[in-house]
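J.: Just dropping this structure here.
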Amino acid sequence: MSRRDLDRKVLAWLGEGVDAPRDDTRFETLALELFAYQYAHNPAYQRLCRAFRVRPEDVARWQDIPAVPTGAFKEARLAAFPEAQEVRIFRTSGSTTAARGQLHLDTLELYQASLLATFAAYICPDRKRIRFVVLAPSAANAPDSSLSYMFEVACRELGSARSAFYVEPQGWEPERLIADLRELDEPIALVGTAFAFVHLLDALEARGLRLGLPDGTRVMETGGFKGRSREVTRGELHGAITAALGVSASRIVNQYGLCELGSQFYEPTLRTGVPTRSKRVPPWVRTRVVDPVSMKDVATGERGLLVHYDLVNTGSVLAVQTSDLGRVTQAGLEILGRLEAAETRGCSIAADALLAGP
């Protein structure tokens with residue numbers, strides 16, 4: 001099957017949105033077709049598969065498609081197209097090691113369709129347009145940041161004309177942001193990394209301020225709760241956001257994503273009105289939870305290592321093995337931290353370093 005045909009099939013599924021029925025037969029058929037294509041056109045991935053002694057003709061289930069550890073994205077160009085066709089590279093940020101993982105893209109069409117389908121459903125389920133206040137750099141200032149690209153697309157397609165980014169390459173201006181928040185006359189989507197929120201909350205506390213943001217405001221935070229300066233728990237952060245900004249827990253959403261994936265995972269809080277730690281897996285993604293030693297699937301509800309299979313990754317590899325721990329229940333996917341001794345990484349560390357200054 002050609003790449004164009006594969007992209008067309010995946011785009012059709014993305015177009016059905018997050019509420020499309022879970023179709024395991026459809027997913028498996030597409031995953032096996034995509035695996036065969038990537039094995040043939042992605043030299044680095046083919047070498048890994050050969051080391052595992054796995055070929056497309058040996059695989060009958062999507063669960064048996066070899067997964068690439070996120071660390072390998074730092075060591076090899078994992079792309080199923082020539083370098084001359086590259087239009088964008090997203091890189092991991094904030095790693096404690098010098099090397100950075102890279103996602104190579106020859107088209108942004110699928111990536112954009114995926115992020116809009118999930119962002120609209122879980123951050124703007126009740127609004128066609130909303131004013132975004134973004135606690136992150138713009139895509140122009142951070143061209144290799146997948147998070148900045150996501151916010152840029154969301155502002156363009158879902159945001160009002162007054163949407164703005166409040167973090168510059170040299171840092172940020174707390175006074176400008178706080179002044180704009182104090183003068184709001186409409187609900188906003190306040191979005192950014194967890195540690196960008198920590199710095200905003202610190203700035204408010206230093207000024208002795210508490211704000212009551214307009215009704216209808218929602219908060220999306222992402223990137224983890226461990227920065228260079230300190231570590232906070234999810235409960236501490238969400239409680240502080242409610243206390244300092246007047247946004248209730250039922251209006252706060254955590255997002256989980258990886259630079260190496262084309263899709264993101266959100267809590268459905270704004271759709272259900274009920275706070276939850278479980279995230280919804282999009283219909284075009286499957287997540288396995290495996291024992292870190294045997295790499296065999298654990299029972300439903302048990303803790304293990306997360307392996308994601310994302311059909312949006314047509315130009316890279318669809319199967320990505322993370323260092324994240326979690327579990328899958330009937331409610332969805334719950335993230336439980338990182339494998340012990342795994343390197344610290346993520347956009348929250350980068351945001352913490354940037355906003356903290358020298």
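Chain labels A, B, ... are given in the sequence in which chains occur in the structure tokens; within each chain residues are numbered consecutively from 1, and ligands are likewise numbered from 1 in the order shown.
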If we count only C-alpha atoms and set the cut-off at 8 Å, which residues sit around region 206-219 of chain A, ignoring sequence neighbours fewer than 4 positions away in its own chain? Please answer as an NGL selection string.

T.: :A and (123 or 181-182 or 184-191 or 202 or 243-247 or 251-253)

J.: Those same residues, written as a CSV table (one decimal), in the first residue's frame with N, CA and C atoms?

T.:
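This went into again.csv:
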chain,number,residue,atom,x,y,z
A,123,ILE,N,-10.6,20.5,25.2
A,123,ILE,CA,-10.3,21.8,25.8
A,123,ILE,C,-11.4,22.8,25.4
A,181,LEU,N,-4.6,39.4,32.9
A,181,LEU,CA,-5.5,38.5,33.6
A,181,LEU,C,-6.4,39.3,34.5
A,182,ARG,N,-6.0,40.4,35.1
A,182,ARG,CA,-6.8,41.2,36.0
A,182,ARG,C,-7.9,42.0,35.2
A,184,LEU,N,-9.5,40.9,32.4
A,184,LEU,CA,-10.3,40.1,31.6
A,184,LEU,C,-11.8,40.4,31.7
A,185,ASP,N,-12.4,40.4,30.5
A,185,ASP,CA,-13.9,40.6,30.5
A,185,ASP,C,-14.6,39.5,29.7
A,186,GLU,N,-13.8,38.3,29.6
A,186,GLU,CA,-14.4,37.2,28.9
A,186,GLU,C,-13.6,35.9,29.4
A,187,PRO,N,-14.3,34.7,29.3
A,187,PRO,CA,-13.6,33.5,29.7
A,187,PRO,C,-12.4,33.2,28.7
A,188,ILE,N,-11.4,32.6,29.3
A,188,ILE,CA,-10.2,32.3,28.5
A,188,ILE,C,-9.9,30.8,28.6
A,189,ALA,N,-9.0,30.3,27.7
A,189,ALA,CA,-8.3,29.1,27.9
A,189,ALA,C,-6.9,29.4,28.3
A,190,LEU,N,-6.5,29.1,29.5
A,190,LEU,CA,-5.2,29.4,30.1
A,190,LEU,C,-4.4,28.1,30.0
A,191,VAL,N,-3.4,28.1,29.1
A,191,VAL,CA,-2.8,26.8,28.7
A,191,VAL,C,-1.3,27.0,28.8
A,202,ASP,N,3.7,31.7,41.7
A,202,ASP,CA,4.8,32.4,42.5
A,202,ASP,C,4.7,33.9,42.4
A,243,ALA,N,-7.1,28.2,44.1
A,243,ALA,CA,-7.0,29.2,45.1
A,243,ALA,C,-6.6,30.6,44.6
A,244,ALA,N,-5.6,30.6,43.6
A,244,ALA,CA,-5.1,31.8,43.2
A,244,ALA,C,-5.8,32.4,42.0
A,245,LEU,N,-6.5,31.5,41.2
A,245,LEU,CA,-7.1,32.0,39.9
A,245,LEU,C,-8.6,31.8,39.9
A,246,GLY,N,-9.1,31.1,40.9
A,246,GLY,CA,-10.6,30.9,41.0
A,246,GLY,C,-11.1,30.0,39.9
A,247,VAL,N,-10.3,29.1,39.4
A,247,VAL,CA,-10.7,28.1,38.5
A,247,VAL,C,-10.9,26.8,39.2
A,251,ARG,N,-12.6,22.4,36.0
A,251,ARG,CA,-12.2,23.2,34.8
A,251,ARG,C,-10.8,23.1,34.5
A,252,ILE,N,-10.1,22.2,35.2
A,252,ILE,CA,-8.6,22.0,35.0
A,252,ILE,C,-8.4,20.6,34.3
A,253,VAL,N,-7.6,20.6,33.2
A,253,VAL,CA,-7.3,19.4,32.5
A,253,VAL,C,-5.8,19.2,32.4

J.: Give me the residues within 12 Å of region 41-43 of chain A as a PDB file with N, CA and C atoms, in the first residue's frame, counting only C-alpha atoms and dropping any in the same chain fewer than 4 places off.

T.:
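To be explicit, this is the file written out as selection-v9.pdb:
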ATOM      1  N   MET A   1       0.852  -1.197   0.000  1.00  0.00           N
ATOM      2  CA  MET A   1       0.000   0.000   0.000  1.00  0.00           C
ATOM      3  C   MET A   1       0.882   1.239   0.000  1.00  0.00           C
ATOM      4  N   SER A   2       0.502   2.260  -0.756  1.00  0.00           N
ATOM      5  CA  SER A   2       1.304   3.471  -0.854  1.00  0.00           C
ATOM      6  C   SER A   2       1.131   4.331   0.396  1.00  0.00           C
ATOM      7  N   ARG A   3       2.088   5.210   0.613  1.00  0.00           N
ATOM      8  CA  ARG A   3       2.016   6.145   1.734  1.00  0.00           C
ATOM      9  C   ARG A   3       0.785   7.039   1.597  1.00  0.00           C
ATOM     10  N   LEU A  34       0.608  -0.311   7.916  1.00  0.00           N
ATOM     11  CA  LEU A  34       1.589   0.734   8.188  1.00  0.00           C
ATOM     12  C   LEU A  34       2.927   0.141   8.612  1.00  0.00           C
ATOM     13  N   PHE A  35       2.898  -0.920   9.403  1.00  0.00           N
ATOM     14  CA  PHE A  35       4.130  -1.584   9.806  1.00  0.00           C
ATOM     15  C   PHE A  35       4.892  -2.096   8.588  1.00  0.00           C
ATOM     16  N   ALA A  36       4.190  -2.731   7.668  1.00  0.00           N
ATOM     17  CA  ALA A  36       4.845  -3.243   6.462  1.00  0.00           C
ATOM     18  C   ALA A  36       5.485  -2.105   5.676  1.00  0.00           C
ATOM     19  N   TYR A  37       4.797  -0.978   5.583  1.00  0.00           N
ATOM     20  CA  TYR A  37       5.342   0.173   4.859  1.00  0.00           C
ATOM     21  C   TYR A  37       6.585   0.717   5.570  1.00  0.00           C
ATOM     22  N   ARG A  47      16.395  -2.131  10.683  1.00  0.00           N
ATOM     23  CA  ARG A  47      17.528  -2.752  11.396  1.00  0.00           C
ATOM     24  C   ARG A  47      17.113  -3.218  12.783  1.00  0.00           C
ATOM     25  N   LEU A  48      16.305  -2.399  13.471  1.00  0.00           N
ATOM     26  CA  LEU A  48      15.835  -2.798  14.800  1.00  0.00           C
ATOM     27  C   LEU A  48      14.958  -4.040  14.708  1.00  0.00           C
ATOM     28  N   CYS A  49      14.054  -4.075  13.741  1.00  0.00           N
ATOM     29  CA  CYS A  49      13.161  -5.232  13.580  1.00  0.00           C
ATOM     30  C   CYS A  49      13.957  -6.497  13.277  1.00  0.00           C
ATOM     31  N   ARG A  50      14.988  -6.358  12.441  1.00  0.00           N
ATOM     32  CA  ARG A  50      15.819  -7.518  12.134  1.00  0.00           C
ATOM     33  C   ARG A  50      16.552  -8.019  13.375  1.00  0.00           C
ATOM     34  N   ALA A  76      19.145   7.768  16.121  1.00  0.00           N
ATOM     35  CA  ALA A  76      18.972   7.461  14.701  1.00  0.00           C
ATOM     36  C   ALA A  76      17.858   8.306  14.106  1.00  0.00           C
ATOM     37  N   ARG A  77      17.948   8.508  12.797  1.00  0.00           N
ATOM     38  CA  ARG A  77      16.880   9.208  12.082  1.00  0.00           C
ATOM     39  C   ARG A  77      15.800   8.180  11.735  1.00  0.00           C
ATOM     40  N   LEU A  78      14.747   8.190  12.512  1.00  0.00           N
ATOM     41  CA  LEU A  78      13.671   7.219  12.362  1.00  0.00           C
ATOM     42  C   LEU A  78      12.588   7.822  11.483  1.00  0.00           C
ATOM     43  N   ALA A  79      12.820   7.793  10.177  1.00  0.00           N
ATOM     44  CA  ALA A  79      11.897   8.388   9.222  1.00  0.00           C
ATOM     45  C   ALA A  79      11.746   7.466   8.024  1.00  0.00           C
ATOM     46  N   ALA A  80      10.526   7.428   7.482  1.00  0.00           N
ATOM     47  CA  ALA A  80      10.222   6.563   6.341  1.00  0.00           C
ATOM     48  C   ALA A  80      10.166   7.370   5.050  1.00  0.00           C
ATOM     49  N   PHE A  81      11.005   8.395   4.938  1.00  0.00           N
ATOM     50  CA  PHE A  81      11.065   9.233   3.751  1.00  0.00           C
ATOM     51  C   PHE A  81      12.455   9.865   3.667  1.00  0.00           C
ATOM     52  N   PRO A  82      12.867  10.293   2.476  1.00  0.00           N
ATOM     53  CA  PRO A  82      14.190  10.901   2.314  1.00  0.00           C
ATOM     54  C   PRO A  82      14.304  12.225   3.063  1.00  0.00           C
ATOM     55  N   GLU A  83      15.512  12.551   3.475  1.00  0.00           N
ATOM     56  CA  GLU A  83      15.739  13.771   4.242  1.00  0.00           C
ATOM     57  C   GLU A  83      15.341  15.017   3.455  1.00  0.00           C
ATOM     58  N   HIS A 104      10.794  13.337  12.883  1.00  0.00           N
ATOM     59  CA  HIS A 104      10.947  13.912  11.551  1.00  0.00           C
ATOM     60  C   HIS A 104       9.618  13.809  10.804  1.00  0.00           C
ATOM     61  N   THR A 314       2.668   8.071  10.516  1.00  0.00           N
ATOM     62  CA  THR A 314       2.872   7.335   9.264  1.00  0.00           C
ATOM     63  C   THR A 314       4.289   7.506   8.723  1.00  0.00           C
ATOM     64  N   GLY A 315       4.889   8.669   8.919  1.00  0.00           N
ATOM     65  CA  GLY A 315       6.216   8.912   8.373  1.00  0.00           C
ATOM     66  C   GLY A 315       7.357   8.555   9.290  1.00  0.00           C
ATOM     67  N   SER A 316       7.048   7.999  10.442  1.00  0.00           N
ATOM     68  CA  SER A 316       8.075   7.672  11.430  1.00  0.00           C
ATOM     69  C   SER A 316       7.944   6.201  11.803  1.00  0.00           C
ATOM     70  N   VAL A 317       7.607   5.917  13.058  1.00  0.00           N
ATOM     71  CA  VAL A 317       7.282   4.561  13.500  1.00  0.00           C
ATOM     72  C   VAL A 317       6.019   4.635  14.336  1.00  0.00           C
ATOM     73  N   LEU A 318       5.107   3.706  14.127  1.00  0.00           N
ATOM     74  CA  LEU A 318       3.842   3.802  14.843  1.00  0.00           C
ATOM     75  C   LEU A 318       3.933   3.280  16.263  1.00  0.00           C
TER      76      LEU A 318
END

J.: Identify all residues of region 28-276 of chain A in strand (DSSP E or B) (DSSP on the backbone) and supply them as an MDAnalysis selection string.

T.: chainID A and resid 68:69 88:91 102:105 130:135 159 164:165 167:168 171:172 188:193 218:222 226 231 252:256 265:266

J.: Sorted by chain and rising residue number, list the residues of region 223-328 of chain A at most 9 Å from region 17-22 of chain A (counting only C-alpha atoms), each with its closest atom pair and distance in Å to one decimal, as CSV.

T.:
residue,atom,partner,partner_atom,distance
A:Arg280,CA,A:Val18,CA,8.9
A:Val281,CA,A:Val18,CA,8.6
A:Pro282,CA,A:Val18,CA,5.7
A:Pro283,CA,A:Arg22,CA,5.5
A:Trp284,CA,A:Arg22,CA,8.3

J.: Given the selection you just returned, output its residues as a file containing N, CA and C atoms, formatted as a PDB file, in the first residue's frame.

T.:
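To be explicit, this is the file written out as result33.pdb:
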ATOM      1  N   ARG A 280      -8.301   9.912  28.091  1.00  0.00           N
ATOM      2  CA  ARG A 280      -8.932   9.173  27.012  1.00  0.00           C
ATOM      3  C   ARG A 280      -7.916   8.915  25.905  1.00  0.00           C
ATOM      4  N   VAL A 281      -7.863   7.696  25.437  1.00  0.00           N
ATOM      5  CA  VAL A 281      -6.984   7.322  24.336  1.00  0.00           C
ATOM      6  C   VAL A 281      -7.773   7.500  23.041  1.00  0.00           C
ATOM      7  N   PRO A 282      -7.277   8.287  22.076  1.00  0.00           N
ATOM      8  CA  PRO A 282      -8.020   8.494  20.825  1.00  0.00           C
ATOM      9  C   PRO A 282      -8.278   7.174  20.101  1.00  0.00           C
ATOM     10  N   PRO A 283      -9.353   7.098  19.305  1.00  0.00           N
ATOM     11  CA  PRO A 283      -9.694   5.840  18.628  1.00  0.00           C
ATOM     12  C   PRO A 283      -8.601   5.309  17.721  1.00  0.00           C
ATOM     13  N   TRP A 284      -7.735   6.192  17.213  1.00  0.00           N
ATOM     14  CA  TRP A 284      -6.679   5.782  16.288  1.00  0.00           C
ATOM     15  C   TRP A 284      -5.360   5.456  17.007  1.00  0.00           C
TER      16      TRP A 284
END

J.: Would you pick out the contacts of His308 (chain A) at 8 Å or less, using only C-alpha atoms, so that residues sharing its chain but fewer than 4 positions from it are not included, and give the list as a list in words?

T.: Val285, Arg286, Thr287, Arg288, Leu318, Ala319, Val320, Gln321 and Thr322 of chain A

J.: Run DSSP on the backbone and give me the residues of region 91-165 of chain A it puts in alpha helix (DSSP H), as a list in words.

T.: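 Matching residues for alpha helix (DSSP H) in region 91-165 of chain A are Glu109, Leu110, Tyr111, Gln112, Ala113, Ser114, Leu115, Leu116, Ala117, Thr118, Phe119, Ala120, Ala121, Tyr122, Ser146, Leu147, Ser148, Tyr149, Met150, Phe151, Glu152, Val153, Ala154, Cys155, Arg156, Glu157 and Leu158 of chain A.
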
J.: Sorted by chain and rising residue number, which residues of region 270-345 of chain A lie within 12 Å of region 125-137 of chain A, and what are their closest atom pairs and distances in Å to one decimal, counting only C-alpha atoms, as CSV?

T.:
residue,atom,partner,partner_atom,distance
A:Leu270,CA,A:Pro125,CA,7.1
A:Arg271,CA,A:Pro125,CA,6.4
A:Thr272,CA,A:Pro125,CA,10.1
A:Gly273,CA,A:Pro125,CA,11.3

J.: When distances are computed from only C-alpha atoms, which of A:Trp172, A:Tyr309, A:Tyr166, A:Phe52 shows the smallest separation from Glu260 (chain A)?

T.: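 Counting only C-alpha atoms, the residue closest to Glu260 (chain A) is A:Tyr309.
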
J.: For CA of Phe27 (chain A) and CA of Lys9 (chain A), determine how far apart the two atoms are, in Å to one decimal place.

T.: 10.6 Å
